[in-house]
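One file, target.tsv, is given below (TSV, C-alpha atoms).
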```tsv
chain	number	residue	atom	x	y	z
O	27	MET	CA	-32.55	49.17	47.47
O	28	SER	CA	-28.89	49.59	46.55
O	29	ARG	CA	-27.18	52.97	46.51
O	30	THR	CA	-23.92	53.71	44.75
O	31	ILE	CA	-21.96	56.61	46.24
O	32	VAL	CA	-18.84	58.10	44.68
O	33	ILE	CA	-16.33	59.72	47.03
O	34	ALA	CA	-14.69	62.36	44.87
O	35	ASN	CA	-12.66	65.53	44.89
O	36	GLN	CA	-10.33	66.63	42.10
O	37	LYS	CA	-7.97	67.97	44.75
O	38	GLY	CA	-5.71	65.47	46.51
O	39	GLY	CA	-5.05	65.23	50.23
O	40	VAL	CA	-8.56	66.16	51.35
O	41	GLY	CA	-9.45	62.96	53.21
O	42	LYS	CA	-11.14	61.27	50.27
O	43	THR	CA	-9.78	57.77	50.79
O	44	THR	CA	-10.01	58.12	54.58
O	45	THR	CA	-13.69	58.89	54.11
O	46	ALA	CA	-14.22	55.97	51.71
O	47	ILE	CA	-12.57	53.50	54.10
O	48	ASN	CA	-14.20	54.69	57.29
O	49	LEU	CA	-17.65	55.37	55.88
O	50	SER	CA	-17.66	51.84	54.41
O	51	ALA	CA	-16.52	50.33	57.70
O	52	SER	CA	-19.06	52.34	59.68
O	53	LEU	CA	-21.95	51.35	57.39
O	54	ALA	CA	-20.92	47.70	57.72
O	55	LYS	CA	-20.80	48.11	61.48
O	56	HIS	CA	-24.46	49.14	61.23
O	57	LYS	CA	-25.20	45.79	59.56
O	58	LYS	CA	-25.43	47.18	56.04
O	59	ARG	CA	-24.11	45.08	53.15
O	60	VAL	CA	-21.30	47.19	51.68
O	61	LEU	CA	-18.99	46.90	48.68
O	62	LEU	CA	-16.01	49.27	48.56
O	63	ILE	CA	-14.44	49.75	45.10
O	64	ASP	CA	-10.94	51.16	44.94
O	65	MET	CA	-10.76	53.11	41.65
O	66	ASP	CA	-7.50	54.88	42.49
O	67	PRO	CA	-4.28	53.42	40.99
O	68	GLN	CA	-2.52	54.33	44.24
O	69	GLY	CA	-4.56	51.58	45.89
O	70	ASN	CA	-4.78	53.32	49.25
O	71	ALA	CA	-8.30	52.12	50.00
O	72	SER	CA	-7.01	48.57	49.48
O	73	SER	CA	-3.94	48.97	51.68
O	74	GLY	CA	-6.12	50.73	54.26
O	75	PHE	CA	-7.67	47.31	54.88
O	76	ASP	CA	-4.29	45.60	54.80
O	77	ILE	CA	-5.00	43.90	51.47
O	78	SER	CA	-1.67	42.58	50.22
O	79	LYS	CA	-0.71	42.23	46.57
O	80	ASP	CA	-0.83	38.47	47.04
O	81	SER	CA	-4.54	38.78	47.85
O	82	MET	CA	-5.23	40.67	44.63
O	83	LYS	CA	-5.67	37.82	42.17
O	84	LYS	CA	-7.87	40.12	40.12
O	85	THR	CA	-8.52	43.85	40.54
O	86	ILE	CA	-10.75	46.56	39.14
O	87	TYR	CA	-8.16	46.87	36.34
O	88	ASP	CA	-9.21	43.45	35.05
O	89	VAL	CA	-12.83	44.61	35.04
O	90	MET	CA	-12.06	47.80	33.14
O	91	LEU	CA	-10.08	45.91	30.50
O	92	GLY	CA	-12.80	43.30	30.08
O	93	GLU	CA	-10.51	40.54	31.29
O	94	SER	CA	-12.67	39.48	34.23
O	95	PRO	CA	-16.33	39.75	35.25
O	96	ILE	CA	-16.76	41.94	38.28
O	97	GLU	CA	-18.04	39.04	40.40
O	98	ASP	CA	-14.62	37.36	40.18
O	99	THR	CA	-12.73	40.40	41.50
O	100	ILE	CA	-14.59	40.79	44.79
O	101	ILE	CA	-12.61	40.05	47.95
O	102	ARG	CA	-15.51	38.98	50.08
O	103	ASN	CA	-16.00	39.68	53.76
O	104	ILE	CA	-12.80	41.52	54.55
O	105	ARG	CA	-14.92	42.53	57.50
O	106	PRO	CA	-18.41	41.32	58.46
O	107	LYS	CA	-20.82	42.71	55.82
O	108	LEU	CA	-17.97	44.47	53.97
O	109	SER	CA	-16.36	43.37	50.70
O	110	LEU	CA	-13.76	45.04	48.51
O	111	ILE	CA	-12.66	45.29	44.90
O	112	ALA	CA	-8.99	46.20	45.07
O	113	SER	CA	-6.78	48.34	42.86
O	114	ASP	CA	-3.10	48.58	42.04
O	115	VAL	CA	-0.76	50.65	39.91
O	116	ASN	CA	-1.71	48.79	36.71
O	117	LEU	CA	-4.97	50.73	36.72
O	118	ALA	CA	-3.08	53.89	35.73
O	119	ALA	CA	-2.62	52.47	32.22
O	120	SER	CA	-6.33	51.93	31.63
O	121	GLU	CA	-6.98	55.41	30.23
O	122	ILE	CA	-4.59	54.80	27.34
O	123	GLN	CA	-5.70	51.20	26.82
O	124	LEU	CA	-9.37	52.18	26.64
O	125	ALA	CA	-8.92	55.24	24.45
O	126	ASP	CA	-10.43	53.54	21.38
O	127	ASN	CA	-13.34	51.92	23.21
O	128	PRO	CA	-16.54	53.87	22.35
O	129	GLU	CA	-18.24	52.53	25.50
O	130	ARG	CA	-15.31	53.29	27.79
O	131	ASN	CA	-17.31	55.65	30.05
O	132	PHE	CA	-19.90	53.00	30.93
O	133	ILE	CA	-17.80	49.91	31.65
O	134	LEU	CA	-18.22	50.08	35.43
O	135	GLN	CA	-21.92	50.92	35.20
O	136	LYS	CA	-22.65	47.83	33.10
O	137	GLU	CA	-20.63	45.57	35.37
O	138	LEU	CA	-22.20	46.90	38.56
O	139	ASP	CA	-25.67	46.20	37.18
O	140	HIS	CA	-24.88	42.49	37.64
O	141	ILE	CA	-24.22	42.79	41.38
O	142	ARG	CA	-26.03	45.87	42.74
O	143	ARG	CA	-28.79	43.76	44.26
O	144	ASN	CA	-26.23	42.04	46.50
O	145	TYR	CA	-25.33	45.25	48.38
O	146	GLU	CA	-27.14	48.03	50.14
O	147	TYR	CA	-24.23	50.44	49.62
O	148	ILE	CA	-21.53	50.51	46.97
O	149	ILE	CA	-18.83	53.06	47.83
O	150	ILE	CA	-16.36	54.07	45.12
O	151	ASP	CA	-13.08	55.78	45.97
O	152	CYS	CA	-11.90	57.86	43.00
O	153	PRO	CA	-8.47	59.20	42.04
O	154	PRO	CA	-7.90	62.93	42.70
O	155	SER	CA	-8.37	63.87	39.03
O	156	LEU	CA	-10.96	63.93	36.29
O	157	ASN	CA	-10.07	60.98	34.09
O	158	ILE	CA	-11.74	57.91	32.65
O	159	LEU	CA	-11.79	56.24	36.07
O	160	THR	CA	-13.63	59.10	37.76
O	161	ILE	CA	-16.02	59.41	34.82
O	162	ASN	CA	-16.78	55.68	34.99
O	163	ALA	CA	-17.49	55.96	38.71
O	164	MET	CA	-19.84	58.91	38.24
O	165	CYS	CA	-21.63	57.24	35.35
O	166	ALA	CA	-22.26	54.24	37.60
O	167	ALA	CA	-23.30	56.22	40.69
O	168	ASP	CA	-26.46	57.61	42.20
O	169	THR	CA	-24.73	60.34	44.18
O	170	VAL	CA	-21.41	62.06	44.81
O	171	LEU	CA	-20.16	62.69	48.34
O	172	VAL	CA	-17.54	65.43	48.48
O	173	PRO	CA	-14.93	65.51	51.27
O	174	LEU	CA	-13.74	69.08	51.64
O	175	GLN	CA	-10.62	69.95	53.59
O	176	CYS	CA	-10.87	73.03	55.78
O	177	GLU	CA	-8.14	75.00	54.00
O	178	PHE	CA	-7.75	78.13	51.90
O	179	TYR	CA	-8.38	76.74	48.40
O	180	ALA	CA	-11.36	74.58	49.39
O	181	LEU	CA	-14.00	76.65	47.60
O	182	GLU	CA	-11.99	76.78	44.39
O	183	GLY	CA	-11.71	72.99	44.29
O	184	LEU	CA	-15.38	72.62	45.13
O	185	THR	CA	-16.39	74.87	42.23
O	186	GLN	CA	-14.38	72.74	39.81
O	187	LEU	CA	-15.93	69.53	41.10
O	188	MET	CA	-19.46	70.92	40.91
O	189	GLN	CA	-18.85	71.81	37.29
O	190	THR	CA	-17.63	68.27	36.60
O	191	VAL	CA	-20.71	66.72	38.21
O	192	LYS	CA	-22.94	69.11	36.24
O	193	LEU	CA	-21.34	68.13	32.94
O	194	ILE	CA	-21.60	64.42	33.66
O	195	SER	CA	-25.23	64.71	34.77
O	196	GLU	CA	-26.08	66.63	31.59
O	197	ARG	CA	-24.24	64.38	29.16
O	198	LEU	CA	-23.68	60.93	30.64
O	199	ASN	CA	-25.71	60.21	33.78
O	200	LYS	CA	-28.85	62.30	34.07
O	201	ASN	CA	-29.67	60.77	37.47
O	202	LEU	CA	-26.43	61.80	39.18
O	203	LEU	CA	-26.92	63.97	42.27
O	204	ILE	CA	-24.73	65.56	44.91
O	205	GLU	CA	-25.12	63.50	48.08
O	206	GLY	CA	-23.53	66.22	50.18
O	207	ILE	CA	-20.36	67.96	51.27
O	208	VAL	CA	-18.53	66.81	54.39
O	209	PHE	CA	-15.81	68.94	55.95
O	210	THR	CA	-12.63	67.04	56.84
O	211	MET	CA	-9.44	67.74	58.80
O	212	TYR	CA	-11.26	70.38	60.84
O	213	ASP	CA	-9.25	72.06	63.55
O	214	GLY	CA	-11.55	74.19	65.66
O	215	ARG	CA	-8.57	75.96	67.24
O	216	THR	CA	-7.87	77.88	64.01
O	217	ASN	CA	-9.81	80.81	62.62
O	218	LEU	CA	-9.15	79.56	59.10
O	219	ALA	CA	-11.11	76.34	59.58
O	220	THR	CA	-14.13	78.25	60.86
O	221	GLN	CA	-13.87	80.77	58.03
O	222	VAL	CA	-13.71	78.03	55.39
O	223	VAL	CA	-16.84	76.36	56.74
O	224	GLU	CA	-18.70	79.68	56.78
O	225	ASN	CA	-17.46	80.59	53.31
O	226	VAL	CA	-18.61	77.34	51.75
O	227	GLU	CA	-21.98	77.50	53.50
O	228	GLU	CA	-22.51	81.00	52.11
O	229	ASN	CA	-21.46	80.18	48.57
O	230	THR	CA	-23.07	76.87	47.74
O	231	ASP	CA	-26.63	75.64	47.55
O	232	LYS	CA	-25.56	72.00	47.90
O	233	ALA	CA	-26.32	69.92	50.96
O	234	ILE	CA	-23.69	70.18	53.68
O	235	TYR	CA	-23.45	67.50	56.34
O	236	LYS	CA	-23.61	68.79	59.88
O	237	ILE	CA	-21.07	66.12	60.79
O	238	ILE	CA	-17.54	67.57	60.60
O	239	ILE	CA	-14.56	65.20	60.56
O	240	PRO	CA	-11.89	66.53	62.92
O	241	ARG	CA	-8.16	66.58	62.38
O	242	ASN	CA	-7.35	63.57	64.54
O	243	VAL	CA	-4.05	61.82	65.20
O	244	ARG	CA	-5.65	58.40	65.63
O	245	LEU	CA	-7.49	58.80	62.34
O	246	ALA	CA	-4.21	59.59	60.59
O	247	GLU	CA	-2.45	56.61	62.20
O	248	ALA	CA	-5.04	53.96	61.37
O	249	PRO	CA	-4.14	53.33	57.67
O	250	SER	CA	-0.54	52.48	58.56
O	251	TYR	CA	-1.91	49.56	60.58
O	252	GLY	CA	-4.28	48.48	57.81
O	253	LEU	CA	-7.30	49.20	59.98
O	254	PRO	CA	-10.33	51.46	59.74
O	255	ILE	CA	-10.71	53.84	62.63
O	256	THR	CA	-13.69	51.81	63.89
O	257	GLU	CA	-11.20	49.07	64.82
O	258	TYR	CA	-8.02	51.02	65.46
O	259	ASP	CA	-9.57	53.31	68.04
O	260	PRO	CA	-13.37	53.08	68.19
O	261	LYS	CA	-13.55	55.62	71.01
O	262	SER	CA	-11.59	58.33	69.17
O	263	ALA	CA	-13.13	61.54	67.89
O	264	GLY	CA	-12.52	60.38	64.33
O	265	ALA	CA	-14.38	57.09	64.83
O	266	LYS	CA	-17.32	58.88	66.42
O	267	ALA	CA	-17.44	61.39	63.55
O	268	TYR	CA	-17.51	58.71	60.85
O	269	ASP	CA	-20.13	56.73	62.75
O	270	ALA	CA	-22.27	59.86	62.86
O	271	LEU	CA	-21.66	60.44	59.14
O	272	ALA	CA	-22.75	56.88	58.35
O	273	LYS	CA	-25.99	57.44	60.27
O	274	GLN	CA	-26.62	60.59	58.23
O	275	VAL	CA	-25.88	58.78	54.97
O	276	MET	CA	-28.35	56.06	55.93
O	277	LYS	CA	-31.04	58.73	56.35
O	278	TYR	CA	-30.41	60.19	52.90
O	279	ARG	CA	-33.20	59.89	50.36
O	280	ILE	CA	-32.35	60.12	46.66
O	281	GLY	CA	-34.02	63.14	45.13
O	282	ARG	CA	-34.48	64.92	48.45
```
What's the structure tokens form of this structure?
Amino acid sequence: MSRTIVIANQKGGVGKTTTAINLSASLAKHKKRVLLIDMDPQGNASSGFDISKDSMKKTIYDVMLGESPIEDTIIRNIRPKLSLIASDVNLAASEIQLADNPERNFILQKELDHIRRNYEYIIIDCPPSLNILTINAMCAADTVLVPLQCEFYALEGLTQLMQTVKLISERLNKNLLIEGIVFTMYDGRTNLATQVVENVEENTDKAIYKIIIPRNVRLAEAPSYGLPITEYDPKSAGAKAYDALAKQVMKYRIGR
């Protein structure tokens, strides 16, 4: 059975794309059929796998504008078991171009229905904002996984995101659930990181993954080489953390 997971946080710089890339790579490493969809106009999930503009004959932008069926945009087997739908800066214009489309919130959902059976996991990397792209992703998804940076304003950003998910589940996708919260960029040497984790645990009733992604130099370096951490340094703390997260995600049961 296919599961569609949105990686989302309305705050930027929290490890969202890093999580999308490395969770996808780790699931594929565990022999799961995975499709990663880059829904961010910055295209960082695409460049994180060293996908050049020359490789992007069609992107998610073409899907959103109705100019290409989703099957024709898939870059297949960028890694064993892992495929990608890329993004580029053109996607930023889609919100204006789709403004008059009454079905604009459900474009991705309808397209994914044609291919869900081909994948065990569909991972969607969202932009760090609530716009038509994020709404499309959440309307198409089963669950939302929230990367949360261990910093002072974490709880404030989490509250905003929870409200967004609540609104979408009430009005657009009644089946949408919170997959869980995963702490990122954790530095156990600081009191602040520990305090943030404790604060969030005390103030939310949502599932929190026991796996914490550390602040790790090798993890930060990997995207500049166009590699997931599973390839760049599979023995690093970051690689081990994302492997453990993938194992937890595989154990998840919708409606738990």
- Task: Can you work out the spacing between CA of Lys83 (chain O) and CA of Lys107 (chain O) in Å, to one decimal?
- Result: 21.0 Å
Using only C-alpha atoms, give me every residue within 9 Å of (-22.1, 48.9, 36.9) in file coordinates, as a PDB file with C-alpha atoms, keeping the file's coordinate frame.
```pdb
ATOM      1  CA  ILE O  96     -16.760  41.940  38.280  1.00  0.00           C
ATOM      2  CA  PHE O 132     -19.900  53.000  30.930  1.00  0.00           C
ATOM      3  CA  ILE O 133     -17.800  49.910  31.650  1.00  0.00           C
ATOM      4  CA  LEU O 134     -18.220  50.080  35.430  1.00  0.00           C
ATOM      5  CA  GLN O 135     -21.920  50.920  35.200  1.00  0.00           C
ATOM      6  CA  LYS O 136     -22.650  47.830  33.100  1.00  0.00           C
ATOM      7  CA  GLU O 137     -20.630  45.570  35.370  1.00  0.00           C
ATOM      8  CA  LEU O 138     -22.200  46.900  38.560  1.00  0.00           C
ATOM      9  CA  ASP O 139     -25.670  46.200  37.180  1.00  0.00           C
ATOM     10  CA  HIS O 140     -24.880  42.490  37.640  1.00  0.00           C
ATOM     11  CA  ILE O 141     -24.220  42.790  41.380  1.00  0.00           C
ATOM     12  CA  ARG O 142     -26.030  45.870  42.740  1.00  0.00           C
ATOM     13  CA  ASN O 162     -16.780  55.680  34.990  1.00  0.00           C
ATOM     14  CA  ALA O 163     -17.490  55.960  38.710  1.00  0.00           C
ATOM     15  CA  CYS O 165     -21.630  57.240  35.350  1.00  0.00           C
ATOM     16  CA  ALA O 166     -22.260  54.240  37.600  1.00  0.00           C
ATOM     17  CA  ALA O 167     -23.300  56.220  40.690  1.00  0.00           C
TER      18      ALA O 167
END
```
- So which one's closest to Ile47 (chain O), O:Met27, O:Leu108, O:Val115, O:Met188? Using all atoms listed in the file, please. O:Leu108
- Query: Counting all atoms listed in the file, what is within 8 Å of Ala34 (chain O), bar same-chain residues fewer than 5 positions away, as a VMD selection string?
  - Reply: chain O and resid 42 151 to 154 160 170 to 173
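Distances from O:Phe75, O:Arg244, O:Leu91, O:Glu196 to Pro260 (chain O) were compared using all atoms listed in the file, and the smallest one belongs to O:Arg244.
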- Message: Would you pick out the contacts of region 38-41 of chain O at 9 Å or less, using all atoms listed in the file, so that residues sharing its chain but fewer than 5 positions from it are not included, and give the list as a PyMOL selection string?
- Response: chain O and resi 46+153-155+173-176+210-211
- Note on the structure: Of O:Ser72, O:Gln189, O:Asp88, O:Lys58, the one sitting nearest Asn35 (chain O) when using only C-alpha atoms is O:Gln189
- Query: Which polymer residues have any atom within 12 Å of an atom of Leu253 (chain O), counting all atoms listed in the file, with same-chain residues fewer than 2 positions away left out, as a ChimeraX atom specification?
  - Reply: /O:44,47-48,51,70-77,104-105,244-251,255-260,265
Output requested as an mmCIF file, in the coordinates of the input - region 81-116 of chain O, filled out with N, CA and C atoms.
```cif
data_model
loop_
_atom_site.group_PDB
_atom_site.id
_atom_site.type_symbol
_atom_site.label_atom_id
_atom_site.label_comp_id
_atom_site.auth_asym_id
_atom_site.auth_seq_id
_atom_site.Cartn_x
_atom_site.Cartn_y
_atom_site.Cartn_z
ATOM 1 N N SER O 81 -3.093 39.007 47.758
ATOM 2 C CA SER O 81 -4.540 38.780 47.850
ATOM 3 C C SER O 81 -5.272 39.247 46.603
ATOM 4 N N MET O 82 -4.592 40.059 45.794
ATOM 5 C CA MET O 82 -5.230 40.670 44.630
ATOM 6 C C MET O 82 -5.048 39.790 43.386
ATOM 7 N N LYS O 83 -5.766 38.680 43.348
ATOM 8 C CA LYS O 83 -5.670 37.820 42.170
ATOM 9 C C LYS O 83 -6.234 38.544 40.946
ATOM 10 N N LYS O 84 -7.303 39.281 41.161
ATOM 11 C CA LYS O 84 -7.870 40.120 40.120
ATOM 12 C C LYS O 84 -8.291 41.439 40.759
ATOM 13 N N THR O 85 -8.202 42.524 40.006
ATOM 14 C CA THR O 85 -8.520 43.850 40.540
ATOM 15 C C THR O 85 -9.510 44.557 39.616
ATOM 16 N N ILE O 86 -9.836 45.783 39.971
ATOM 17 C CA ILE O 86 -10.750 46.560 39.140
ATOM 18 C C ILE O 86 -10.145 46.810 37.747
ATOM 19 N N TYR O 87 -8.835 46.748 37.648
ATOM 20 C CA TYR O 87 -8.160 46.870 36.340
ATOM 21 C C TYR O 87 -8.629 45.775 35.386
ATOM 22 N N ASP O 88 -8.762 44.556 35.882
ATOM 23 C CA ASP O 88 -9.210 43.450 35.050
ATOM 24 C C ASP O 88 -10.647 43.654 34.576
ATOM 25 N N VAL O 89 -11.456 44.282 35.420
ATOM 26 C CA VAL O 89 -12.830 44.610 35.040
ATOM 27 C C VAL O 89 -12.839 45.657 33.932
ATOM 28 N N MET O 90 -12.084 46.703 34.110
ATOM 29 C CA MET O 90 -12.060 47.800 33.140
ATOM 30 C C MET O 90 -11.565 47.338 31.774
ATOM 31 N N LEU O 91 -10.636 46.399 31.760
ATOM 32 C CA LEU O 91 -10.080 45.910 30.500
ATOM 33 C C LEU O 91 -10.896 44.759 29.899
ATOM 34 N N GLY O 92 -11.964 44.380 30.588
ATOM 35 C CA GLY O 92 -12.800 43.300 30.080
ATOM 36 C C GLY O 92 -12.177 41.938 30.221
ATOM 37 N N GLU O 93 -11.223 41.804 31.123
ATOM 38 C CA GLU O 93 -10.510 40.540 31.290
ATOM 39 C C GLU O 93 -11.082 39.684 32.416
ATOM 40 N N SER O 94 -12.045 40.240 33.152
ATOM 41 C CA SER O 94 -12.670 39.480 34.230
ATOM 42 C C SER O 94 -14.041 40.069 34.537
ATOM 43 N N PRO O 95 -15.049 39.223 34.766
ATOM 44 C CA PRO O 95 -16.330 39.750 35.250
ATOM 45 C C PRO O 95 -16.162 40.288 36.660
ATOM 46 N N ILE O 96 -16.943 41.262 37.005
ATOM 47 C CA ILE O 96 -16.760 41.940 38.280
ATOM 48 C C ILE O 96 -16.946 40.990 39.467
ATOM 49 N N GLU O 97 -17.798 39.979 39.304
ATOM 50 C CA GLU O 97 -18.040 39.040 40.400
ATOM 51 C C GLU O 97 -16.748 38.336 40.835
ATOM 52 N N ASP O 98 -15.847 38.106 39.879
ATOM 53 C CA ASP O 98 -14.620 37.360 40.180
ATOM 54 C C ASP O 98 -13.529 38.216 40.810
ATOM 55 N N THR O 99 -13.756 39.517 40.931
ATOM 56 C CA THR O 99 -12.730 40.400 41.500
ATOM 57 C C THR O 99 -13.028 40.774 42.950
ATOM 58 N N ILE O 100 -14.176 40.381 43.444
ATOM 59 C CA ILE O 100 -14.590 40.790 44.790
ATOM 60 C C ILE O 100 -13.848 39.977 45.857
ATOM 61 N N ILE O 101 -13.186 40.687 46.760
ATOM 62 C CA ILE O 101 -12.610 40.050 47.950
ATOM 63 C C ILE O 101 -13.687 40.118 49.023
ATOM 64 N N ARG O 102 -14.295 39.003 49.262
ATOM 65 C CA ARG O 102 -15.510 38.980 50.080
ATOM 66 C C ARG O 102 -15.191 38.954 51.579
ATOM 67 N N ASN O 103 -16.025 39.705 52.292
ATOM 68 C CA ASN O 103 -16.000 39.680 53.760
ATOM 69 C C ASN O 103 -14.620 39.964 54.346
ATOM 70 N N ILE O 104 -14.027 41.072 53.893
ATOM 71 C CA ILE O 104 -12.800 41.520 54.550
ATOM 72 C C ILE O 104 -13.107 41.957 55.978
ATOM 73 N N ARG O 105 -14.340 42.312 56.187
ATOM 74 C CA ARG O 105 -14.920 42.530 57.500
ATOM 75 C C ARG O 105 -16.358 42.034 57.418
ATOM 76 N N PRO O 106 -17.010 41.733 58.541
ATOM 77 C CA PRO O 106 -18.410 41.320 58.460
ATOM 78 C C PRO O 106 -19.243 42.357 57.696
ATOM 79 N N LYS O 107 -19.944 41.899 56.672
ATOM 80 C CA LYS O 107 -20.820 42.710 55.820
ATOM 81 C C LYS O 107 -20.079 43.588 54.809
ATOM 82 N N LEU O 108 -18.749 43.565 54.827
ATOM 83 C CA LEU O 108 -17.970 44.470 53.970
ATOM 84 C C LEU O 108 -17.063 43.687 53.021
ATOM 85 N N SER O 109 -17.210 43.964 51.720
ATOM 86 C CA SER O 109 -16.360 43.370 50.700
ATOM 87 C C SER O 109 -15.645 44.469 49.928
ATOM 88 N N LEU O 110 -14.625 44.062 49.171
ATOM 89 C CA LEU O 110 -13.760 45.040 48.510
ATOM 90 C C LEU O 110 -13.374 44.571 47.115
ATOM 91 N N ILE O 111 -13.326 45.505 46.169
ATOM 92 C CA ILE O 111 -12.660 45.290 44.900
ATOM 93 C C ILE O 111 -11.410 46.155 44.926
ATOM 94 N N ALA O 112 -10.259 45.516 44.869
ATOM 95 C CA ALA O 112 -8.990 46.200 45.070
ATOM 96 C C ALA O 112 -8.481 46.861 43.794
ATOM 97 N N SER O 113 -7.418 47.642 43.967
ATOM 98 C CA SER O 113 -6.780 48.340 42.860
ATOM 99 C C SER O 113 -5.269 48.263 43.050
ATOM 100 N N ASP O 114 -4.552 48.425 41.943
ATOM 101 C CA ASP O 114 -3.100 48.580 42.040
ATOM 102 C C ASP O 114 -2.624 49.493 40.921
ATOM 103 N N VAL O 115 -1.326 49.660 40.816
ATOM 104 C CA VAL O 115 -0.760 50.650 39.910
ATOM 105 C C VAL O 115 -1.061 50.358 38.440
ATOM 106 N N ASN O 116 -1.382 49.122 38.097
ATOM 107 C CA ASN O 116 -1.710 48.790 36.710
ATOM 108 C C ASN O 116 -2.894 49.593 36.191
#
```
